[in-house]
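data24.cif (mmCIF, C-alpha atoms) appears below.
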data_run
loop_
_atom_site.label_atom_id
_atom_site.label_comp_id
_atom_site.auth_asym_id
_atom_site.auth_seq_id
_atom_site.Cartn_x
_atom_site.Cartn_y
_atom_site.Cartn_z
CA MET A 1 13.25 117.14 0.96
CA THR A 2 9.51 116.79 0.41
CA THR A 3 7.22 117.24 3.42
CA GLY A 4 6.66 113.48 3.65
CA VAL A 5 10.37 112.64 3.59
CA LEU A 6 11.05 115.41 6.11
CA TRP A 7 8.41 114.06 8.50
CA GLY A 8 9.78 110.53 8.04
CA THR A 9 13.29 111.76 8.83
CA VAL A 10 12.15 113.68 11.91
CA VAL A 11 10.08 110.81 13.33
CA LEU A 12 12.61 108.08 12.55
CA ALA A 13 15.54 110.04 14.01
CA SER A 14 13.49 110.93 17.11
CA LEU A 15 12.48 107.31 17.70
CA ALA A 16 16.09 106.21 17.20
CA CYS A 17 17.29 108.72 19.83
CA LEU A 18 14.52 107.68 22.24
CA ALA A 19 15.34 103.99 21.73
CA LEU A 20 19.01 104.72 22.49
CA LYS A 21 18.00 106.40 25.77
CA ILE A 22 15.71 103.50 26.77
CA ALA A 23 18.43 100.97 25.91
CA GLY A 24 20.73 102.66 28.43
CA HIS A 25 18.18 102.15 31.21
CA LEU A 26 17.53 98.51 30.27
CA VAL A 27 20.97 97.01 29.61
CA PRO A 28 22.90 95.67 32.59
CA GLU A 29 25.33 98.36 33.73
CA HIS A 30 28.46 96.26 33.29
CA TRP A 31 27.87 95.94 29.53
CA LEU A 32 28.89 99.54 29.00
CA ALA A 33 30.93 100.06 32.17
CA ASP A 34 34.17 99.51 30.23
CA PRO A 35 36.02 102.87 30.40
CA ARG A 36 37.05 102.40 26.76
CA VAL A 37 33.39 102.56 25.70
CA ALA A 38 32.89 105.78 27.69
CA ARG A 39 36.02 107.32 26.18
CA LEU A 40 35.19 106.40 22.58
CA SER A 41 31.62 107.65 23.02
CA SER A 42 32.80 111.03 24.31
CA LEU A 43 35.37 111.35 21.50
CA VAL A 44 32.76 110.56 18.85
CA THR A 45 30.54 113.26 20.36
CA VAL A 46 33.39 115.79 20.22
CA ALA A 47 34.24 114.87 16.61
CA LEU A 48 30.61 115.09 15.45
CA LEU A 49 30.18 118.54 17.03
CA ALA A 50 33.54 119.79 15.70
CA SER A 51 32.61 118.58 12.23
CA LEU A 52 29.24 120.33 12.46
CA VAL A 53 31.05 123.57 13.39
CA VAL A 54 33.08 123.29 10.16
CA THR A 55 30.06 122.37 8.03
CA GLN A 56 28.01 125.25 9.41
CA THR A 57 30.83 127.80 9.19
CA VAL A 58 32.43 127.23 5.77
CA GLY A 59 30.17 124.64 4.15
CA ASP A 60 28.10 125.76 1.16
CA GLY A 61 26.28 122.76 -0.25
CA GLN A 62 29.13 120.69 -1.71
CA GLY A 63 31.81 123.39 -1.48
CA LEU A 64 33.75 125.61 0.92
CA THR A 65 33.07 129.36 1.24
CA VAL A 66 34.49 132.08 3.44
CA ASP A 67 31.78 134.59 4.33
CA ALA A 68 30.35 136.47 7.33
CA ARG A 69 29.99 133.20 9.25
CA LEU A 70 33.75 132.87 9.84
CA PRO A 71 34.23 136.20 11.71
CA ALA A 72 30.98 135.43 13.55
CA LEU A 73 32.44 132.14 14.73
CA ALA A 74 35.60 133.94 15.88
CA VAL A 75 33.43 136.28 17.97
CA ALA A 76 31.64 133.23 19.41
CA ALA A 77 34.99 131.64 20.32
CA VAL A 78 36.11 134.81 22.12
CA ALA A 79 32.78 134.95 23.99
CA LEU A 80 33.15 131.30 25.02
CA ALA A 81 36.73 131.90 26.17
CA LEU A 82 35.35 134.75 28.33
CA ARG A 83 32.79 132.28 29.77
CA ALA A 84 29.76 134.01 28.26
CA PRO A 85 26.50 132.07 28.61
CA PHE A 86 25.39 129.92 25.65
CA VAL A 87 22.53 132.19 24.59
CA LEU A 88 24.79 135.26 24.52
CA VAL A 89 27.37 133.38 22.42
CA VAL A 90 24.74 132.45 19.85
CA VAL A 91 23.26 135.97 19.78
CA LEU A 92 26.69 137.63 19.39
CA ALA A 93 27.53 135.33 16.46
CA ALA A 94 24.21 136.06 14.76
CA ALA A 95 24.62 139.81 15.34
CA THR A 96 28.16 139.76 13.90
CA ALA A 97 27.08 137.96 10.72
CA ALA A 98 23.93 140.09 10.36
CA GLY A 99 25.95 143.28 10.90
CA LEU A 100 28.62 142.35 8.33
CA ARG A 101 25.94 141.48 5.79
CA ALA A 102 24.10 144.74 6.45
CA LEU A 103 27.42 146.46 5.60
CA GLY A 104 27.47 144.52 2.33
CA TRP A 105 30.05 141.80 3.08
CA GLY A 106 29.59 138.03 3.13
CA MET B 1 6.46 120.78 43.70
CA ARG B 2 8.86 119.64 46.40
CA ARG B 3 6.43 117.06 47.73
CA GLY B 4 5.88 115.75 44.18
CA LEU B 5 9.58 115.45 43.65
CA GLY B 6 10.02 113.63 46.92
CA LEU B 7 7.39 111.13 45.81
CA TRP B 8 9.09 110.63 42.45
CA CYS B 9 12.55 110.45 43.77
CA SER B 10 12.23 108.18 46.74
CA GLY B 11 9.15 106.17 45.84
CA ARG B 12 7.50 107.29 49.09
CA MET B 13 6.12 110.52 50.49
CA THR B 14 8.85 112.38 52.32
CA ARG B 15 7.54 114.48 55.21
CA THR B 16 10.84 115.47 56.70
CA THR B 17 12.60 118.69 55.76
CA PRO B 18 14.86 118.12 52.73
CA SER B 19 18.52 117.77 53.60
CA PRO B 20 20.96 120.56 52.63
CA ALA B 21 22.29 118.25 49.89
CA VAL B 22 18.78 117.79 48.44
CA ARG B 23 18.11 121.55 48.54
CA ALA B 24 21.44 122.20 46.81
CA ALA B 25 20.58 119.61 44.15
CA THR B 26 17.20 121.30 43.57
CA ARG B 27 18.85 124.72 43.19
CA GLN B 28 21.42 123.34 40.75
CA GLY B 29 18.73 121.59 38.75
CA VAL B 30 16.60 124.71 38.45
CA SER B 31 19.49 126.96 37.38
CA VAL B 32 20.74 124.44 34.81
CA ALA B 33 17.17 124.00 33.51
CA VAL B 34 16.69 127.75 33.03
CA ALA B 35 20.07 128.23 31.32
CA THR B 36 19.58 125.23 29.02
CA GLY B 37 15.89 125.83 28.35
CA LEU B 38 16.59 129.37 27.14
CA TYR B 39 18.64 128.25 24.17
CA GLY B 40 15.65 126.30 22.93
CA VAL B 41 14.89 129.68 21.32
CA SER B 42 17.91 129.33 19.04
CA PHE B 43 16.99 125.75 18.18
CA GLY B 44 13.41 126.68 17.28
CA ALA B 45 14.50 129.61 15.11
CA LEU B 46 17.24 127.62 13.34
CA SER B 47 15.02 124.62 12.69
CA VAL B 48 12.32 126.74 11.07
CA ALA B 49 15.01 128.62 9.10
CA ALA B 50 16.26 125.25 7.78
CA GLY B 51 12.83 124.63 6.26
CA ILE B 52 11.57 122.31 9.00
CA GLY B 53 8.07 123.49 9.87
CA VAL B 54 6.90 124.55 13.32
CA LEU B 55 5.15 121.21 13.95
CA PRO B 56 8.08 118.89 13.03
CA THR B 57 10.34 121.24 15.02
CA MET B 58 8.15 120.68 18.08
CA VAL B 59 8.21 116.91 17.48
CA LEU B 60 12.01 117.08 17.61
CA SER B 61 12.00 118.92 20.94
CA LEU B 62 9.24 116.77 22.46
CA LEU B 63 10.22 113.32 21.17
CA MET B 64 13.93 113.46 20.29
CA PHE B 65 14.69 115.84 23.20
CA SER B 66 18.47 115.90 22.96
CA GLY B 67 19.98 119.26 21.99
CA GLY B 68 23.04 118.01 20.10
CA SER B 69 21.04 115.50 18.05
CA GLN B 70 18.36 118.09 17.28
CA PHE B 71 20.85 120.73 16.11
CA ALA B 72 22.66 118.04 14.08
CA LEU B 73 19.53 116.89 12.28
CA VAL B 74 18.67 120.48 11.42
CA GLY B 75 22.25 121.13 10.27
CA VAL B 76 22.29 118.14 7.91
CA VAL B 77 18.84 118.98 6.52
CA ALA B 78 19.86 122.63 6.03
CA ALA B 79 23.01 121.55 4.15
CA GLY B 80 20.89 119.44 1.80
CA GLY B 81 22.02 116.09 3.23
CA SER B 82 20.11 112.85 2.66
CA PRO B 83 17.49 111.62 5.16
CA LEU B 84 19.79 108.70 5.98
CA ALA B 85 22.69 111.02 6.83
CA ALA B 86 20.37 113.15 8.98
CA VAL B 87 19.06 110.13 10.92
CA ALA B 88 22.54 108.60 11.29
CA THR B 89 24.16 111.83 12.51
CA SER B 90 21.50 112.57 15.12
CA ALA B 91 21.45 108.94 16.30
CA LEU B 92 25.26 108.87 16.63
CA LEU B 93 25.16 112.04 18.72
CA GLY B 94 22.32 110.53 20.78
CA ALA B 95 24.33 107.38 21.50
CA ARG B 96 26.01 109.03 24.48
CA ASN B 97 22.60 109.12 26.17
CA THR B 98 22.71 105.29 26.20
CA LEU B 99 25.85 105.52 28.27
CA TYR B 100 24.26 108.10 30.58
CA GLY B 101 21.29 105.75 31.05
CA THR B 102 23.52 102.95 32.32
CA VAL B 103 25.05 105.44 34.77
CA VAL B 104 21.87 107.04 36.19
CA SER B 105 19.56 104.01 36.07
CA PRO B 106 21.07 102.33 39.19
CA LEU B 107 20.94 105.67 41.04
CA LEU B 108 17.26 106.28 40.23
CA GLY B 109 15.86 102.81 40.79
CA ALA B 110 12.77 103.77 38.72
CA ARG B 111 10.33 101.09 37.54
CA GLY B 112 7.61 100.88 34.88
CA PRO B 113 6.36 104.11 33.27
CA LEU B 114 8.60 106.11 35.59
CA ARG B 115 11.58 104.32 34.08
CA LEU B 116 10.43 105.33 30.59
CA ALA B 117 10.11 108.94 31.77
CA ALA B 118 13.57 108.74 33.32
CA ALA B 119 14.98 107.43 30.03
CA HIS B 120 13.33 110.25 28.08
CA VAL B 121 14.85 112.98 30.27
CA THR B 122 18.30 111.31 30.33
CA ILE B 123 20.44 114.00 28.69
CA ASP B 124 23.80 115.73 29.29
CA GLU B 125 22.43 118.15 31.88
CA SER B 126 20.26 115.81 34.00
CA THR B 127 23.05 113.21 34.10
CA ALA B 128 25.69 115.79 35.01
CA VAL B 129 23.64 117.26 37.87
CA GLY B 130 22.51 113.83 39.12
CA VAL B 131 25.96 112.24 39.14
CA ALA B 132 27.53 115.31 40.79
CA GLN B 133 25.49 114.92 44.02
CA PRO B 134 26.97 113.62 47.29
CA ASP B 135 24.24 111.05 48.09
CA ARG B 136 21.59 108.97 46.33
CA GLN B 137 18.56 111.04 47.44
CA ALA B 138 20.19 114.27 46.25
CA ALA B 139 21.21 112.52 43.01
CA ARG B 140 17.58 111.57 42.33
CA VAL B 141 16.27 115.05 43.10
CA GLY B 142 19.02 116.64 41.00
CA PHE B 143 18.35 114.33 38.05
CA TRP B 144 14.57 114.75 38.06
CA THR B 145 14.56 118.51 38.73
CA THR B 146 17.02 119.08 35.88
CA GLY B 147 15.42 116.60 33.48
CA ILE B 148 11.83 117.78 33.93
CA GLY B 149 12.87 121.44 34.15
CA VAL B 150 14.86 121.31 30.92
CA PHE B 151 12.10 119.35 29.16
CA VAL B 152 9.40 121.90 29.99
CA LEU B 153 11.50 125.03 29.33
CA TRP B 154 13.28 123.61 26.25
CA ASN B 155 9.92 122.90 24.62
CA LEU B 156 8.37 126.25 25.58
CA PHE B 157 11.37 128.16 24.24
CA THR B 158 11.57 125.99 21.11
CA LEU B 159 7.98 127.00 20.34
CA ALA B 160 8.81 130.66 20.96
CA GLY B 161 11.86 130.44 18.68
CA ALA B 162 10.00 128.55 15.96
CA LEU B 163 7.16 131.09 15.88
CA ALA B 164 9.61 134.02 15.90
CA GLY B 165 11.81 132.37 13.25
CA ASP B 166 8.77 131.81 11.06
CA ALA B 167 8.13 135.57 11.06
CA LEU B 168 11.74 136.59 10.35
CA GLY B 169 12.07 135.73 6.64
CA ASP B 170 15.56 135.16 5.14
CA PRO B 171 17.59 133.52 7.96
CA ARG B 172 20.94 134.71 6.51
CA ARG B 173 19.92 138.34 6.90
CA TRP B 174 19.64 137.76 10.66
CA GLY B 175 22.85 135.75 10.85
CA LEU B 176 20.98 132.59 11.85
CA ASP B 177 23.38 130.41 9.82
CA ALA B 178 26.26 131.79 11.89
CA ALA B 179 24.18 131.24 15.04
CA ALA B 180 24.02 127.52 14.16
CA ALA B 181 27.82 127.36 13.85
CA ALA B 182 28.16 129.16 17.20
CA ALA B 183 25.67 126.76 18.79
CA PHE B 184 27.79 123.76 17.79
CA LEU B 185 30.92 125.52 19.02
CA GLY B 186 29.19 126.19 22.34
CA LEU B 187 28.19 122.52 22.62
CA VAL B 188 31.70 121.20 21.91
CA TRP B 189 33.60 123.84 23.94
CA PRO B 190 33.15 122.34 27.45
CA ARG B 191 34.19 118.91 26.12
CA LEU B 192 37.58 120.08 24.86
CA ALA B 193 39.52 119.98 28.14
CA PRO B 194 41.17 116.53 27.70
CA ARG B 195 44.12 116.45 25.27
CA THR B 196 42.62 113.44 23.43
CA ALA B 197 39.42 115.41 22.85
CA GLN B 198 41.44 118.26 21.34
CA VAL B 199 43.17 115.81 18.99
CA ALA B 200 39.84 114.23 18.02
CA ALA B 201 38.36 117.69 17.35
CA ALA B 202 41.35 118.79 15.25
CA VAL B 203 41.26 115.59 13.18
CA ALA B 204 37.49 115.99 12.74
CA VAL B 205 37.96 119.57 11.49
CA VAL B 206 40.59 118.51 8.91
CA VAL B 207 38.61 115.44 7.77
CA SER B 208 35.41 117.47 7.37
CA ALA B 209 37.03 120.36 5.50
CA ALA B 210 38.80 117.92 3.17
CA LEU B 211 35.66 115.89 2.46
CA ILE B 212 33.01 118.62 2.09
CA PRO B 213 33.93 119.39 -1.57
CA VAL B 214 34.07 115.73 -2.67
CA VAL B 215 31.27 113.81 -0.92
CA PRO B 216 27.51 114.43 -0.46
CA PRO B 217 26.36 116.66 2.47
CA GLY B 218 26.11 114.79 5.76
CA VAL B 219 28.86 112.28 4.92
CA PRO B 220 31.77 114.46 6.20
CA VAL B 221 30.16 114.51 9.67
CA LEU B 222 29.90 110.72 9.71
CA ALA B 223 33.50 110.38 8.50
CA ALA B 224 34.57 112.68 11.36
CA ALA B 225 32.81 110.36 13.82
CA ALA B 226 34.73 107.41 12.38
CA SER B 227 37.99 109.34 12.67
CA ALA B 228 37.32 109.85 16.40
CA ILE B 229 37.18 106.09 16.92
CA VAL B 230 40.61 105.82 15.27
CA VAL B 231 41.92 108.61 17.53
CA GLY B 232 40.41 106.90 20.60
CA LEU B 233 41.97 103.53 19.82
CA TRP B 234 45.30 105.23 19.11
CA ALA B 235 45.19 107.18 22.39
CA GLY B 236 44.79 103.90 24.26
CA ARG B 237 44.78 104.07 28.03
CA ARG B 238 46.14 107.56 28.49
CA ALA B 239 42.78 109.32 29.01
CA GLY B 240 41.29 110.09 32.42
CA PRO B 241 38.39 108.34 34.16
CA GLY B 242 35.16 107.94 32.18
CA GLU B 243 31.52 108.12 33.24
CA ALA B 244 31.59 104.59 34.59
CA THR B 245 34.32 105.48 37.06
CA ARG B 246 32.49 108.60 38.18
CA VAL B 247 29.30 106.73 38.99
CA ARG B 248 31.27 104.14 40.91
CA GLN B 249 32.65 107.03 42.98
CA VAL B 250 29.11 108.28 43.68
CA LEU B 251 27.94 104.82 44.70
CA THR B 252 30.98 104.38 46.92
CA ARG B 253 30.27 107.66 48.71
CA GLU B 254 26.67 106.48 49.14
CA GLY B 255 27.91 103.29 50.77
CA GLU B 256 30.13 105.23 53.16
CA ALA B 257 27.38 107.68 54.24
#

Could you show the structure in this file as structure tokens?
Amino acid sequence: MTTGVLWGTVVLASLACLALKIAGHLVPEHWLADPRVARLSSLVTVALLASLVVTQTVGDGQGLTVDARLPALAVAAVALALRAPFVLVVVLAAATAAGLRALGWG
Amino acid sequence: MRRGLGLWCSGRMTRTTPSPAVRAATRQGVSVAVATGLYGVSFGALSVAAGIGVLPTMVLSLLMFSGGSQFALVGVVAAGGSPLAAVATSALLGARNTLYGTVVSPLLGARGPLRLAAAHVTIDESTAVGVAQPDRQAARVGFWTTGIGVFVLWNLFTLAGALAGDALGDPRRWGLDAAAAAAFLGLVWPRLAPRTAQVAAAVAVVVSAALIPVVPPGVPVLAAAASAIVVGLWAGRRAGPGEATRVRQVLTREGEA
């Protein structure tokens, strides 16, 4: 992405997210009070995040790769299961990948 | 600080001692704000590592101000996705804030510029703390303390992370690509309790892994979102109460008090 396109993307996406927040405060509550809307919205959020985990862990442009990110993600999962705080989870994952790469793998 | 919050939250100056519920809401808000604000460091570092400069990174934290959407935009840009895919992914993740707005807006009763400010700080954390309170006054204090607290700390720590990330060099050497994966895992983890959510996540994982080699970057994430709608329609009425039910419970308790 060129700098101009990047700025356009950042500003447009930010305004879209802000508009979505404002819309929630302006529409009458009953429009979105249907439990089905709430359920679908929460499932879409889960799916987007799960998909981003996959993309970030094994994605490599337009291909799949197994490298130091996969064991790092496993460490993060263990930390989350042990109820570690978010920052610690992220740091442990980074340290695992950095350590494996320093040892010459992935 | 407390007097200011009282003014914001009730629309009048409160001179009485805050109730135990209001003090509890303040404490919750502050602790959530500190915990959430801290990981702004990882966002700042990752964003800069993805080739997004310090200034656009700050625009994301100041203007977009929604962790999931920000991480998503950075993820799609880092993977070489198109601008359209980046905007669509972050907007889709931000759509849940619309739902939160409909839930907290009646609790807050904010008007004019205050309403705009309330909309801007309507995120996972402020909504969760606000809706969890036993009465309306505590809900307002909880929402505003969390929202403003996260906004200030998230932006300060984003700046710290962006400046540090700028000085680090190759992000892979520091495992920052793995940190991004862990960040998304940390964001999805608390949402995986319901069985339907687990199914949606599993389907999303399979759909994404299958599509990554055959479609442009960014598209697998959008396809995963579409698959969740299919899962949701299939699951039908078996899921538990949604946000709308929870706010009705809060308002009912308010009426009883």

Residue members of the PyMOL selection byres ((chain A and resi 50) around 9) in the file shown, as a ChimeraX atom specification
/A:45-49,51-55 /B:184-185,188,200-202,204-205,208,221,224

Set the cut-off to 6 Å and count only C-alpha atoms: what are the residues of chain A that reach chain B? Output as an NGL selection string.
:A and (9 or 13-14 or 17 or 20-22 or 24-25 or 29 or 33 or 35 or 38 or 40-41 or 43-51 or 53 or 56-57 or 61-63 or 69 or 73 or 76 or 87 or 90 or 93-94 or 97-98)

File dump, residues just selected, C-alpha atoms, as an mmCIF file, in the coordinates of the input:
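The resulting out12.cif:
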data_model
loop_
_atom_site.group_PDB
_atom_site.id
_atom_site.type_symbol
_atom_site.label_atom_id
_atom_site.label_comp_id
_atom_site.auth_asym_id
_atom_site.auth_seq_id
_atom_site.Cartn_x
_atom_site.Cartn_y
_atom_site.Cartn_z
ATOM 1 C CA THR A 9 13.290 111.760 8.830
ATOM 2 C CA ALA A 13 15.540 110.040 14.010
ATOM 3 C CA SER A 14 13.490 110.930 17.110
ATOM 4 C CA CYS A 17 17.290 108.720 19.830
ATOM 5 C CA LEU A 20 19.010 104.720 22.490
ATOM 6 C CA LYS A 21 18.000 106.400 25.770
ATOM 7 C CA ILE A 22 15.710 103.500 26.770
ATOM 8 C CA GLY A 24 20.730 102.660 28.430
ATOM 9 C CA HIS A 25 18.180 102.150 31.210
ATOM 10 C CA GLU A 29 25.330 98.360 33.730
ATOM 11 C CA ALA A 33 30.930 100.060 32.170
ATOM 12 C CA PRO A 35 36.020 102.870 30.400
ATOM 13 C CA ALA A 38 32.890 105.780 27.690
ATOM 14 C CA LEU A 40 35.190 106.400 22.580
ATOM 15 C CA SER A 41 31.620 107.650 23.020
ATOM 16 C CA LEU A 43 35.370 111.350 21.500
ATOM 17 C CA VAL A 44 32.760 110.560 18.850
ATOM 18 C CA THR A 45 30.540 113.260 20.360
ATOM 19 C CA VAL A 46 33.390 115.790 20.220
ATOM 20 C CA ALA A 47 34.240 114.870 16.610
ATOM 21 C CA LEU A 48 30.610 115.090 15.450
ATOM 22 C CA LEU A 49 30.180 118.540 17.030
ATOM 23 C CA ALA A 50 33.540 119.790 15.700
ATOM 24 C CA SER A 51 32.610 118.580 12.230
ATOM 25 C CA VAL A 53 31.050 123.570 13.390
ATOM 26 C CA GLN A 56 28.010 125.250 9.410
ATOM 27 C CA THR A 57 30.830 127.800 9.190
ATOM 28 C CA GLY A 61 26.280 122.760 -0.250
ATOM 29 C CA GLN A 62 29.130 120.690 -1.710
ATOM 30 C CA GLY A 63 31.810 123.390 -1.480
ATOM 31 C CA ARG A 69 29.990 133.200 9.250
ATOM 32 C CA LEU A 73 32.440 132.140 14.730
ATOM 33 C CA ALA A 76 31.640 133.230 19.410
ATOM 34 C CA VAL A 87 22.530 132.190 24.590
ATOM 35 C CA VAL A 90 24.740 132.450 19.850
ATOM 36 C CA ALA A 93 27.530 135.330 16.460
ATOM 37 C CA ALA A 94 24.210 136.060 14.760
ATOM 38 C CA ALA A 97 27.080 137.960 10.720
ATOM 39 C CA ALA A 98 23.930 140.090 10.360
#

The distance between atom CA of B:Ala45 and atom CA of A:Asp60 is 19.9 Å

Quick check on the file I pasted: which residues fall under the PyMOL selection byres ((chain B and resi 139) around 8)? Write them as a ChimeraX atom specification.
/B:22,25,107-108,129-138,140-143

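The spacing separating atom CA of B:Phe151 from atom CA of B:Pro20 amounts to 25.1 Å.
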
Could you jot down the atom CA of B:Gly165 to atom CA of B:Val48 separation for me, Å, one decimal place?
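Those two atoms sit 6.1 Å apart.
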